[in-house]
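Written below as C-alpha cells is the structure these notes are about.
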Amino acid sequence: TTAEKEARIWAIKEKLGEKLFIPGHHYQRDEVIQFADVTGDSLQLAQLAAENKKAEFIVFCGVHFMAETADMLTEDNQQVLLPDLKAGCSMADMANIDQTEKAWSQLKQLFGETMLPLTYVNSTAAIKAFCGKYGGATVTSSNAQKMVQWAFTQKERLLFLPDQHLGRNTAYDLGIPLEQMVVWDPIQEQLVNEFNTPLEEVKVILWKGHCSVHEKFTTSHIEQLRKNEPETKVIVHPECTHEVVRQADLNGSTHYIIETIKNAEKGTSWAIGTEMNLVQRLAKTYSDLSIVSLNPTMCACLTMNRIDLDHLLWSLEDLMEGKLRHPITVDKEITKDACLALQRMLERP
Ligand code: CIZ
Ligand code: SF4
C-alpha cells in the first residue's frame with residue numbers, strides 16, 4: 001500500500017541520515033516532494049547540490065539535465081542518482097551537440113566571431129560545455145536578464161539555446177525589438193529571418209526549441225479569462241510564448257511565481273501558466289486565494305511526473321542493497337567546460 005511504501009522511504013531516510021540528500025524540483029508530484037530535503041527551482045537545486053559536501057548519495061527528484069548539473073557541481077565522491085532515466089526534458093532534447101556544432105559553424109559564416117553562446121540550464125551537459133568552451137554561460141529564468149546583459153558586454157550578438165521563448169521574452173524586456181531577433185531552425189538547418197532584418201542589425205539568434213508544457217498556454221485562454229473573470233490576475237512563466245507573456249499581468253521564473261503568490265493579497269484570484277503540480281500545490285497551500293491553471297485542461301510535465309513514489313522507493317531500496325539505480329556521471333572533459341559556463345552564471349547571482 002501507499003502507506004507501507006511511504007513508511008519504507010522514511011525508514012531508509014532515517015537510516016542513511018546525512019549520507020542521503022534528496023533535492024526535489026517544484027514540478028515534482030506531492031507523493032515525491034514530501035520526501036525532499038530541499039525543494040527549489042533548477043537554479044536553487046544546483047546551488048544547494050554544490051553546497052552540500054556531506055551527502056554520499058544525491059537522489060535527484062527532477063529531470064535528467066538537473067541531475068547532470070548536480071553531478072558536475074558536486075565532488076567526485078558524491079554520487080548522483082536519477083530514480084527514472086526516462087525523466088528527461090523535451091526542450092533539452094531539442095538541441096543536441098551535433099546540431100549545435102553545425103549551427104555554430106554555419107552561423108559563423110554569417111556573423112563571424114561576433115557571437116556569444118548562452119544556454120538555458122534546461123539543456124544537456126554537452127550543450128553547457130559548448131557554451132563554456134566559447135566563452136558563454138548558462139542562464140536560468142530567474143537570472144536570464146542579468147546574463148543577457150552580461151553577454152552583450154562580451155560580444156555584439158548572442159546565440160540563445162534551446163528555448164526560443166525565454167530568449168525572446170528576456171531580450172524583449174531588455175529593450176531589444178523583435179525585429180533584431182532571428183531564429184535558427186536546427187531541423188531545416190537554416191536561419192528564419194521573419195522581418196528580413198539586415199544581418200548586421202541582428203542582436204539575438206534564438207534556437208528553435210520550446211517547452212511542450214508551457215506552449216500549451218495560449219492567448220485564447222487569457223482572452224477567455226478576461227471576458228469571464230476580469231478580476232483574475234494572470235501570471236505565467238517566460239517559457240510561454242511571447243504573445244502570452246505580453247498579455248499576462250505578470251511573468252517570471254518559478255521562484256518569482258511562488259513568491260508572488262505567497263505575498264498576494266487575501267481573497268485575490270489568480271490564473272497561473274506553469275506546470276500543473278506546482279499550480280495545484282500552490283492552490284492547496286494558499287487556500288485563502290483563488291488559484292486555477294490558466295489552461296483548464298491542466299498542463300503536466302510528463303517526464304517530471306515519471307518520478308513517482310515507486311521509482312523513489314526502488315531507487316532507495318536498491319541503494320540499501322549497494323546497487324545504484326541510474327547513476328548520473330558526466331564525462332570529465334564535458335564537466336570541465338560545462339562548469340566554466342555554470343560558474344560564469346553562479347558568480348553573478
Ligand atoms: O520548466 C522548467 O523546467 C523550469 C522552469 C525549471 C526551473 O526550475 O527553472
Ligand atoms: Fe522540460 Fe518543460 Fe518539463 Fe521543464 S516543464 S522539464 S522545460 S519539458
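Starting from 1 in every chain, residues are counted up; chains themselves are A, B, ... following the order of the C-alpha cells, and ligands are numbered from 1 as listed.
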Selection: 12 Å around Thr124 in chain A, only C-alpha atoms, excl. self and same-chain fewer than 4 positions, as a ChimeraX atom specification | /A:63-69,72,88-97,100,119-120,128-131,138,161-162,330-331,334-335,338
For the residues selected in the previous step, produce a file with N, CA and C atoms as a compact mmCIF listing (two decimals), in the first residue's frame.
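And here is the file that came out, again_37.txt:
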```
# COMPACT_ATOMS: atom_id res chain seq x y z
N VAL A 63 14.52 16.28 -13.36
CA VAL A 63 14.78 15.65 -14.65
C VAL A 63 16.28 15.57 -14.94
N HIS A 64 16.60 14.84 -16.01
CA HIS A 64 17.97 14.43 -16.30
C HIS A 64 18.98 15.59 -16.30
N PHE A 65 18.63 16.71 -16.98
CA PHE A 65 19.64 17.78 -17.06
C PHE A 65 19.95 18.36 -15.67
N MET A 66 18.99 18.31 -14.78
CA MET A 66 19.21 18.83 -13.42
C MET A 66 20.14 17.90 -12.65
N ALA A 67 19.95 16.59 -12.86
CA ALA A 67 20.83 15.61 -12.21
C ALA A 67 22.25 15.74 -12.76
N GLU A 68 22.38 15.98 -14.07
CA GLU A 68 23.71 16.20 -14.66
C GLU A 68 24.39 17.40 -14.02
N THR A 69 23.64 18.48 -13.88
CA THR A 69 24.23 19.69 -13.29
C THR A 69 24.66 19.41 -11.86
N MET A 72 27.87 17.58 -11.91
CA MET A 72 29.02 18.40 -12.30
C MET A 72 29.45 19.35 -11.19
N GLY A 88 13.38 12.82 -18.68
CA GLY A 88 14.18 13.77 -19.46
C GLY A 88 13.46 15.10 -19.57
N CYS A 89 13.83 15.88 -20.57
CA CYS A 89 13.15 17.16 -20.80
C CYS A 89 13.09 17.33 -22.31
N SER A 90 11.87 17.45 -22.82
CA SER A 90 11.72 17.52 -24.28
C SER A 90 12.39 18.78 -24.83
N MET A 91 12.44 19.83 -24.03
CA MET A 91 13.12 21.04 -24.51
C MET A 91 14.64 20.80 -24.64
N ALA A 92 15.22 20.19 -23.62
CA ALA A 92 16.66 19.91 -23.66
C ALA A 92 16.98 19.02 -24.87
N ASP A 93 16.06 18.12 -25.19
CA ASP A 93 16.28 17.21 -26.33
C ASP A 93 16.24 17.94 -27.67
N MET A 94 15.75 19.17 -27.68
CA MET A 94 15.64 19.90 -28.96
C MET A 94 16.96 20.51 -29.42
N ALA A 95 17.99 20.41 -28.60
CA ALA A 95 19.31 20.87 -29.06
C ALA A 95 20.33 19.79 -28.73
N ASN A 96 20.76 19.03 -29.72
CA ASN A 96 21.85 18.10 -29.44
C ASN A 96 23.15 18.72 -29.91
N ILE A 97 24.25 18.13 -29.45
CA ILE A 97 25.54 18.79 -29.65
C ILE A 97 25.95 18.83 -31.13
N THR A 100 24.25 21.61 -32.76
CA THR A 100 24.76 22.88 -32.26
C THR A 100 26.10 23.24 -32.89
N THR A 119 23.19 29.35 -22.89
CA THR A 119 22.18 28.30 -22.87
C THR A 119 21.37 28.32 -21.59
N TYR A 120 20.09 28.16 -21.74
CA TYR A 120 19.19 27.94 -20.61
C TYR A 120 19.69 26.65 -19.94
N LYS A 128 25.99 22.75 -22.47
CA LYS A 128 26.61 23.66 -21.50
C LYS A 128 28.11 23.74 -21.74
N ALA A 129 28.72 22.58 -22.04
CA ALA A 129 30.16 22.54 -22.30
C ALA A 129 30.50 23.36 -23.55
N PHE A 130 29.66 23.24 -24.55
CA PHE A 130 29.85 24.02 -25.77
C PHE A 130 29.87 25.51 -25.44
N CYS A 131 28.92 25.95 -24.64
CA CYS A 131 28.86 27.36 -24.27
C CYS A 131 30.09 27.76 -23.45
N THR A 138 25.62 29.64 -18.80
CA THR A 138 24.25 29.15 -18.65
C THR A 138 23.40 30.27 -18.09
N LEU A 161 20.24 29.29 -26.60
CA LEU A 161 19.77 27.90 -26.70
C LEU A 161 18.99 27.52 -25.44
N PRO A 162 18.18 26.48 -25.44
CA PRO A 162 17.47 25.96 -26.59
C PRO A 162 16.04 26.52 -26.64
N VAL A 330 28.68 12.59 -15.52
CA VAL A 330 29.00 13.30 -16.77
C VAL A 330 30.50 13.15 -17.05
N ASP A 331 30.82 12.91 -18.29
CA ASP A 331 32.20 12.80 -18.76
C ASP A 331 33.07 13.96 -18.24
N ILE A 334 33.66 17.06 -20.59
CA ILE A 334 32.42 17.84 -20.69
C ILE A 334 32.20 18.61 -19.40
N THR A 335 32.42 17.95 -18.28
CA THR A 335 32.24 18.61 -16.98
C THR A 335 33.11 19.85 -16.87
N ALA A 338 31.64 22.56 -19.14
CA ALA A 338 30.30 22.94 -18.70
C ALA A 338 30.39 23.74 -17.40
```
Go through the chains and note each residue within 8 Å of ligand 1, using only C-alpha atoms and all ligand atoms, then give the set as a PyMOL selection string.
-> chain A and resi 25-27+40-44+89+121-122+140-142+211+213-214+237+239+253-255+274-275
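Considering the residues A:Ser212, A:Thr260, A:Asn196, A:Gln247 and counting only C-alpha atoms and all ligand atoms, ligand 2 has its shortest atom-to-atom contact with A:Ser212.
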For Leu159 in chain A, please output as a PyMOL selection string all residues within 8 Å (counting only C-alpha atoms; exclusion window: fewer than 3 positions along the same chain).
-> chain A and resi 115-118+204-207
Go ahead and save the picked residues with C-alpha atoms, as a compact mmCIF listing (two decimals), in the first residue's frame.
```txt
# COMPACT_ATOMS: atom_id res chain seq x y z
CA MET A 115 28.52 35.76 -31.25
CA LEU A 116 28.45 34.54 -27.67
CA PRO A 117 26.50 31.34 -26.90
CA LEU A 118 24.18 31.31 -23.88
CA VAL A 204 19.87 37.73 -30.88
CA ILE A 205 19.78 34.36 -32.63
CA LEU A 206 17.14 32.19 -30.98
CA TRP A 207 17.38 28.42 -31.14
```
How far is it from CA of Gly135 in chain A to CA of Asp173 in chain A, in Å with one decimal?
->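 One can read the CA of Gly135 in chain A to CA of Asp173 in chain A distance as 23.7 Å.
Non-sequential neighbours of range 102-104 of chain A (distance at most 9 Å, separation of 6 or more positions within a chain, only C-alpha atoms) are Leu159, Trp184, Asp185, Pro186, Glu189 and Gln190 of chain A.
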Find the residues near Lys266 in chain A: any atom within 12 Å, counting only C-alpha atoms, skip ones fewer than 5 places away on the same chain, and give them as a PyMOL selection string.
-> chain A and resi 261+286-291
Between CA of Val80 in chain A and CA of Gly252 in chain A, measure the distance and give it in Å to one decimal.
->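 Going from CA of Val80 in chain A over to CA of Gly252 in chain A, I get 29.0 Å.
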Among the residues of range 45-290 of chain A, find those DSSP assigns to helix (DSSP H, G or I) from the backbone and print them as number ranges by chain.
-> A: 45-51, 64-73, 92-94, 97-111, 125-133, 144-154, 164-173, 178-180, 199-201, 214-216, 219-228, 242-247, 254-262, 276-285
Apply DSSP to the backbone of this structure and, from range 115-146 of chain A, keep only the residues in strand (DSSP E); write these as a PyMOL selection string.
-> chain A and resi 115-120+137-139
Identify, on the basis of only C-alpha atoms, every residue whose closest approach to range 51-60 of chain A does not exceed 8 Å; exclude the query and any residue fewer than 4 positions from it along the same chain; express the result as number ranges by chain.
-> A: 18-24, 47, 66-67, 74-75, 77-83, 315
Output of the above residues as a short mmCIF file (atom, residue, chain, number, x, y, z; two decimals), in the first residue's frame, restricted to N, CA and C atoms:
```cif
data_model
loop_
_atom_site.label_atom_id
_atom_site.label_comp_id
_atom_site.auth_asym_id
_atom_site.auth_seq_id
_atom_site.Cartn_x
_atom_site.Cartn_y
_atom_site.Cartn_z
N GLU A 18 22.51 11.91 7.01
CA GLU A 18 23.15 12.92 6.15
C GLU A 18 23.85 12.36 4.93
N LYS A 19 24.00 11.02 4.92
CA LYS A 19 24.62 10.40 3.74
C LYS A 19 23.74 10.54 2.51
N LEU A 20 22.45 10.74 2.76
CA LEU A 20 21.48 10.80 1.66
C LEU A 20 20.90 12.21 1.58
N PHE A 21 20.84 12.73 0.35
CA PHE A 21 20.26 14.07 0.14
C PHE A 21 19.26 13.96 -1.00
N ILE A 22 18.06 14.40 -0.75
CA ILE A 22 17.02 14.32 -1.79
C ILE A 22 16.55 15.72 -2.17
N PRO A 23 17.05 16.26 -3.30
CA PRO A 23 16.52 17.53 -3.78
C PRO A 23 15.25 17.27 -4.60
N GLY A 24 14.26 18.13 -4.44
CA GLY A 24 13.00 17.95 -5.18
C GLY A 24 12.63 19.21 -5.94
N GLN A 47 22.50 25.12 -6.87
CA GLN A 47 23.30 25.77 -5.82
C GLN A 47 23.35 24.92 -4.56
N MET A 66 18.99 18.31 -14.78
CA MET A 66 19.21 18.83 -13.42
C MET A 66 20.14 17.90 -12.65
N ALA A 67 19.95 16.59 -12.86
CA ALA A 67 20.83 15.61 -12.21
C ALA A 67 22.25 15.74 -12.76
N THR A 74 29.11 18.77 -7.89
CA THR A 74 29.46 18.11 -6.64
C THR A 74 30.83 17.43 -6.78
N GLU A 75 31.30 16.88 -5.67
CA GLU A 75 32.63 16.26 -5.65
C GLU A 75 32.56 14.86 -6.27
N ASN A 77 33.40 12.08 -5.00
CA ASN A 77 32.91 11.02 -4.11
C ASN A 77 31.43 11.13 -3.78
N GLN A 78 30.74 12.04 -4.44
CA GLN A 78 29.30 12.15 -4.25
C GLN A 78 28.60 11.62 -5.49
N GLN A 79 27.70 10.66 -5.27
CA GLN A 79 27.05 10.03 -6.42
C GLN A 79 25.62 10.54 -6.61
N VAL A 80 25.36 11.04 -7.81
CA VAL A 80 24.00 11.50 -8.11
C VAL A 80 23.22 10.36 -8.77
N LEU A 81 22.00 10.15 -8.31
CA LEU A 81 21.14 9.11 -8.89
C LEU A 81 19.85 9.75 -9.38
N LEU A 82 19.35 9.24 -10.50
CA LEU A 82 18.06 9.70 -11.02
C LEU A 82 17.11 8.50 -10.99
N PRO A 83 16.06 8.55 -10.19
CA PRO A 83 15.21 7.36 -10.00
C PRO A 83 14.65 6.76 -11.29
N SER A 315 14.62 3.17 -6.06
CA SER A 315 15.95 3.75 -6.06
C SER A 315 16.59 3.62 -4.68
#
```
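For Leu178 in chain A, the non-local neighbours within 10 Å, defined as residues at least 6 positions apart in the same chain or in other chains and counting only C-alpha atoms, are Arg168, Asn169, Ala171, Tyr172, Glu194, Phe195, Val202, Lys203, Val204 and His242 of chain A.
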Based on the selection just made, write N, CA and C atoms of those residues as a compact mmCIF listing (two decimals), in the first residue's frame.
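Saved result, part-v2.txt, follows:
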```txt
# COMPACT_ATOMS: atom_id res chain seq x y z
N ARG A 168 13.53 35.13 -26.36
CA ARG A 168 12.81 36.26 -26.95
C ARG A 168 12.22 37.16 -25.85
N ASN A 169 11.57 36.55 -24.87
CA ASN A 169 10.95 37.34 -23.80
C ASN A 169 11.99 38.13 -23.02
N ALA A 171 15.10 39.09 -24.04
CA ALA A 171 15.71 40.14 -24.87
C ALA A 171 14.73 41.30 -25.05
N TYR A 172 13.47 40.96 -25.26
CA TYR A 172 12.44 42.00 -25.45
C TYR A 172 12.33 42.89 -24.21
N GLU A 194 12.28 36.41 -40.05
CA GLU A 194 10.88 36.78 -40.27
C GLU A 194 10.72 38.22 -40.74
N PHE A 195 11.56 39.12 -40.22
CA PHE A 195 11.41 40.54 -40.53
C PHE A 195 12.40 41.01 -41.60
N VAL A 202 21.18 42.21 -36.56
CA VAL A 202 20.68 41.12 -35.69
C VAL A 202 21.44 41.13 -34.37
N LYS A 203 20.69 41.10 -33.27
CA LYS A 203 21.31 41.07 -31.94
C LYS A 203 21.22 39.69 -31.30
N VAL A 204 20.10 39.00 -31.56
CA VAL A 204 19.87 37.73 -30.88
C VAL A 204 19.47 36.66 -31.88
N HIS A 242 5.74 34.54 -26.58
CA HIS A 242 5.83 35.99 -26.40
C HIS A 242 4.45 36.64 -26.28
```
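The residue that comes closest to ligand 2, out of A:Leu250, A:Ala300, A:Leu346, A:Leu294 and on the basis of only C-alpha atoms and all ligand atoms, is A:Ala300.
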Would you mind telling me which residue in A:Arg8, A:Lys15, A:His221, A:Arg306 lies nearest to ligand 2 when using only C-alpha atoms and all ligand atoms?
-> A:Arg306
Rank A:Lys155, A:Lys108, A:His210, A:Lys86 by their smallest atom-to-atom distance to ligand 2, using only C-alpha atoms and all ligand atoms, and report the top residue only.
-> A:His210
